[in-house]
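Structure record follows, encoded as structure tokens.
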Amino acid sequence: MIKAEDLRPGQLVLYTNGATYEIGKVKRIADDHHAFIWYSEGDTAEKTSFDRIFPIRNEAVVKETSLGGTEGMFAGELPFC
């Protein structure tokens, strides 16, 4: 299982829910076991358990996403994110 220090705002992750998978973007770390993740273009982020998400190792090849809408475009770049 991953830890809070393994994640950072703006990082892309893979969310698993049984046999389905979704790409998400970390909005912020909630606590030692959860992070708020954007799964859509909207501003709403869902509190997600670390045991359901996996960091995407080659995320650098994804140059831009619309996850998190306007706020998500700058996640990890601005001090308030």
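Scheme for the structure tokens: letters A, B, ... for chains in order shown; per-chain residue numbers from 1; ligand numbers from 1 in order shown.
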
Review point. Just asking: which residues within chain A are helix (DSSP H, G or I) according to DSSP, as a list of chain:residue names?
Key: A:Ala4, A:Glu5, A:Asp6, A:Phe50, A:Asp51, A:Arg52, A:Glu59, A:Ala60, A:Val61, A:Gly69, A:Thr70, A:Glu71, A:Gly72, A:Met73

Point to revise | Shell around stretch 52-55 of chain A at 7 Å using only C-alpha atoms, local window under 5 positions removed, as number ranges by chain | key: A: 12-16

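Among the residues of stretch 9-49 of chain A, backbone DSSP assigns strand (DSSP E) to A:Leu12, A:Val13, A:Leu14, A:Tyr15, A:Thr16, A:Asn17, A:Thr20, A:Tyr21, A:Glu22, A:Ile23, A:Gly24, A:Lys25, A:Val26, A:Lys27, A:Arg28, A:Ile29, A:His34, A:Ala35, A:Phe36, A:Ile37, A:Trp38, A:Glu46, A:Lys47, A:Thr48, A:Ser49.
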
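Minimum distance to A:Ala35 across A:Ile56, A:Ala4, A:Leu67, A:Ala19 (counting only C-alpha atoms) occurs at A:Ala4.
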
Point to revise | One-decimal distance in Å that lies between atom CA of A:Asp51 and atom CA of A:Thr70 | key: 27.6 Å

Residue neighbourhood stretch 42-44 of chain A, 9 Å, only C-alpha atoms, exclusion window fewer than 3 positions, as a PDB file with N, CA and C atoms, in the first residue's frame:
ATOM      1  N   ILE A  37      -9.153  13.108  -4.693  1.00  0.00           N
ATOM      2  CA  ILE A  37      -8.777  12.840  -6.084  1.00  0.00           C
ATOM      3  C   ILE A  37      -9.855  13.377  -7.022  1.00  0.00           C
ATOM      4  N   TRP A  38      -9.409  14.055  -8.085  1.00  0.00           N
ATOM      5  CA  TRP A  38     -10.332  14.445  -9.162  1.00  0.00           C
ATOM      6  C   TRP A  38     -10.433  13.292 -10.146  1.00  0.00           C
ATOM      7  N   TYR A  39     -11.673  12.934 -10.517  1.00  0.00           N
ATOM      8  CA  TYR A  39     -11.905  11.893 -11.515  1.00  0.00           C
ATOM      9  C   TYR A  39     -12.635  12.436 -12.739  1.00  0.00           C
ATOM     10  N   SER A  66      -7.771  17.441 -18.298  1.00  0.00           N
ATOM     11  CA  SER A  66      -8.806  18.361 -17.847  1.00  0.00           C
ATOM     12  C   SER A  66      -9.374  17.926 -16.497  1.00  0.00           C
ATOM     13  N   LEU A  67      -8.730  16.953 -15.843  1.00  0.00           N
ATOM     14  CA  LEU A  67      -9.184  16.496 -14.532  1.00  0.00           C
ATOM     15  C   LEU A  67      -9.111  17.632 -13.532  1.00  0.00           C
ATOM     16  N   GLY A  68     -10.198  17.868 -12.813  1.00  0.00           N
ATOM     17  CA  GLY A  68     -10.238  18.938 -11.817  1.00  0.00           C
ATOM     18  C   GLY A  68     -10.553  20.299 -12.394  1.00  0.00           C
ATOM     19  N   GLY A  69     -10.905  20.364 -13.664  1.00  0.00           N
ATOM     20  CA  GLY A  69     -11.271  21.640 -14.276  1.00  0.00           C
ATOM     21  C   GLY A  69     -10.116  22.628 -14.250  1.00  0.00           C
ATOM     22  N   THR A  70     -10.451  23.894 -14.113  1.00  0.00           N
ATOM     23  CA  THR A  70      -9.437  24.945 -14.108  1.00  0.00           C
ATOM     24  C   THR A  70      -8.464  24.787 -12.954  1.00  0.00           C
ATOM     25  N   GLU A  71      -8.962  24.461 -11.776  1.00  0.00           N
ATOM     26  CA  GLU A  71      -8.080  24.293 -10.618  1.00  0.00           C
ATOM     27  C   GLU A  71      -7.106  23.143 -10.837  1.00  0.00           C
ATOM     28  N   GLY A  72      -7.582  22.064 -11.430  1.00  0.00           N
ATOM     29  CA  GLY A  72      -6.736  20.897 -11.662  1.00  0.00           C
ATOM     30  C   GLY A  72      -5.633  21.133 -12.669  1.00  0.00           C
TER      31      GLY A  72
END

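Closest to A:Pro9 among A:Lys27, A:Tyr21, A:Lys63, A:Glu41 is A:Lys27, based on only C-alpha atoms.
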
Practice item. Mind giving me the straight-line distance from atom CA of A:Thr48 to atom CA of A:Glu64 in Å, one decimal? Key: 22.3 Å

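The coordinates place atom CA of A:Glu22 at 19.7 Å from atom CA of A:Lys3.
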